[in-house]
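S.K.: One structure is given below, represented as structure tokens, and several questions about it will come after.
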Amino acid sequence: MASKVLVIAEFRGGKFKKGALECVAAASRLAPALGGGDVTALVIGGADAKAAAASLGKQGATRVLAACADWLAEFNGDAYARVAADVVRAEQPALVLVAATLDGKDVAPRVAARLDVGYAPDVTKLAVEGGKLAIARPLYAGKAYANVTLAGAPAVVSVRPNTFALLEAPGADAPVADVALAFGAGDLKSKVVAVEAAKTDKVDLTEAEVIVSGGRGLKGPEHFVLLEALAAELGATVGASRAVVDAGWRPHHDQVGQTGKTVSPNLYFAVGISGAIQHLAGMATSKCIVAVNKDKDAPIFKVADYGIVGDLFDVVPRMTDEVKKLKK
Amino acid sequence: MRIVVCIKPVPDTAARIKVHKDGARIDPDGVKFTLGPYDSRCIARAVALKGAGEVVALAAGAAAGEAEAKKRIKDALALGCDKGIFVPDPAPENRDPLAVAKALASAIQGQGGADLIFCGRQATDDQALAVGPMLATLLDLPCVTDAVGIEVTGGSARVQRAAEGRVETLEVTLPAVITGQRDIGDEQYPKLKEILAAGKKPIAEHKVEWAAAKYAVAGLVPPPEKAPGKIVGEGPDAVPALLNLLQTEAKALAL
Ligand SMILES: Cc1cc2nc3c(=O)[nH]c(=O)nc-3n(C[C@H](O)[C@H](O)[C@H](O)COP(=O)(O)OP(=O)(O)OC[C@H]3O[C@@H](n4cnc5c(N)ncnc54)[C@H](O)[C@@H]3O)c2cc1C
């Protein structure tokens, strides 16, 4: 029997999360090796999510199931997991994929618990080898990688954003079918009563393609404008080390590291950051790391692909200027 | 209120990690363990919320060794928990978050339930962020992850969740499971008096039939090798060369 892949595709802030699109693309690449089954995307949300659902076909979904209602417009882990588990039971896929965003990591373990199956969180490798799923994830803050196996069907996996590429040649829209919901808002023990959106149009750190992070080397919160100027030129999001978060220079949601966000951008700038193991834990899977530090022995240079030894107060403004020139 | 805080000993974040000779886990020998950093912040919040009730520190499993697990329960008692419960584990090498969640659920039910259950948002070793939401599912309780604030009124709570790009406020009926983000409570350092008093607080054992793991680590391998990086140069004059390398060699800069 051809086994299929089901992607729980996160829709938030008027669009699908990039990690969700990456999961659909990854599923469509894996499907032939899994027996050629279809790639079903499940969309949970409100009317805007439903309106966008068909577009998941462009990343390789062969059909889309829409569990959309006004009361599902705001994220609610209790509700989303219940909807998803019901759909998985009915669809019986071999593999369930979710992007390992905060919402994805909230829902996926609950789906696994409802189905009593194995769950592999935040994986950075997902392939089919010898007819079996080959899954790996960083552990102990990236000090080791674990090859993991899952028991029970389906396998539930959350995938670290920026791990898989989108399809190079996007396809066409997919057909959308409605999911009949087995319960309503009144059956829930939790409800979202308010949502305060962050006042920024910046891509969230976990999904950003380029990140410019600053550490204690910036010497004060007022100097982060230097990084913001560079980030603006690069279309990047600004991150921070814990030292500057603890000092109150930057909010906690900007923190990258073991006790902050785990990020995996294409390009990561560590500016005035020493490279403590706990910081590396959050960014070591970045595809290209650039360090700017005045101390040539700073540990960050051990993980950086490229480094400049120098005073960030000279290097960063120059970088902003040079990027501006290149863009012309 | 009766509050349970689930805790886990984790390797100190700066610890050097050696792979165990079985190849599938770390060798706990010689590793310094601590109470999970989020766990202790949850304890601080639980102690502030308990009123006339009690706060129970609950640890299931012994990946770090049983003695270590009990020491960390003592840490929790020093931070103000009233008693501890330990779920012993005869085969800690093959546990996964779901098996741990089942053991915690059994212990909580076996101890007469709870009005509120806290878990740290993540353990800093496995970083699965799974036990809390799984525990809530097994107990059929509402769950709010990444909580940065909570107020309890009667049989319900208002909880702030630090989501991506937004903060949500949820209203949940109690009992509920809350996983605590950093701002759920303050970092605390117990005083000597509290450490001494912790020695006199009770630690009970709750035995369970451990469920088989559904997730297993088949092998730990070192991180993928990276080519050694290069220092492009010193000072601002190195910037053009760096940007050139990012564009042509690394292909990481698309402007
Ligand atoms: C339980 C625990 C969890 C932790 N979690 C995290 C986490 O999630 N994220 C995290 O980041 N940290 C975390 N840490 C903290 C971590 O150990 C470090 O203390 C922290 O990362 C240091 O931040 P920093 O690099 O900004 O500061 P520092 O280590 O002080 O480094 C500053 C760097 O700036 C350089 N510098 C100074 N001036 C200049 C200049 N003018 N130009 C260029 N370079 C300059 C210096 O050479 C130095 O290398 C954690 C620690 C613990 C114990």
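In the structure tokens, each chain is lettered A, B, ... as it comes, each chain's residues begin at 1, and ligands are numbered from 1 in order of appearance.
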Would you list the contacts of Cys143 (chain B) as JSON, numbers by chain, taking every protein, DNA or RNA residue within 7 Å and counting only C-alpha atoms, but skipping same-chain residues closer than 4 positions in sequence?

M.R.: {"A": [78], "B": [133, 136, 176, 177, 178]}

S.K.: Restricted to N, CA, C and O atoms, what would the selected residues look like written as a compact mmCIF listing (two decimals), in the first residue's frame?

M.R.:
# COMPACT_ATOMS: atom_id res chain seq x y z
N ASP A 78 -4.53 23.05 22.38
CA ASP A 78 -5.51 22.02 22.76
C ASP A 78 -6.39 21.66 21.56
O ASP A 78 -6.61 20.49 21.25
N PRO B 133 3.40 19.05 27.10
CA PRO B 133 2.19 18.87 26.27
C PRO B 133 1.71 17.41 26.26
O PRO B 133 0.50 17.15 26.21
N ALA B 136 -0.13 16.70 29.57
CA ALA B 136 -1.47 17.30 29.55
C ALA B 136 -2.43 16.44 28.73
O ALA B 136 -3.57 16.21 29.14
N ALA B 176 -4.62 22.41 35.08
CA ALA B 176 -4.03 22.63 33.77
C ALA B 176 -2.53 22.37 33.87
O ALA B 176 -1.97 22.37 34.97
N VAL B 177 -1.93 22.14 32.71
CA VAL B 177 -0.48 21.97 32.65
C VAL B 177 0.11 23.22 32.00
O VAL B 177 -0.36 23.65 30.94
N ILE B 178 1.10 23.79 32.64
CA ILE B 178 1.73 25.01 32.15
C ILE B 178 3.21 24.70 31.93
O ILE B 178 3.86 24.19 32.84

S.K.: Mind checking DSSP for region 42-287 of chain A and telling me the helix (DSSP H, G or I) residues as a ChimeraX atom specification?

M.R.: /A:47-59,70-72,77-91,102-115,140-142,185-187,205-207,216-218,221-234,242-246,252-254,277-283

S.K.: Name the residues in contact with Asn293 (chain A) at a cut-off of 9 Å, using only C-alpha atoms, excluding same-chain residues fewer than 6 positions from it; report them as a list in words.

M.R.: Gly217, Ala270, Val271, Gly272, Ile273, Ser274, Ile300, Phe301, Gly307, Ile308, Val309, Gly310, Asp311 and Leu312 of chain A

S.K.: Find the residue from B:Ala78, B:Ile43, B:Ala254, B:Ala14 that sits nearest to ligand 1; use only C-alpha atoms and all ligand atoms when measuring.

M.R.: B:Ala14

S.K.: DSSP says strand (DSSP E or B) for which residues of region 20-139 of chain A? Put them as a ChimeraX atom specification?

M.R.: /A:39-45,63-68,95-99,119-123,125-129,132-139
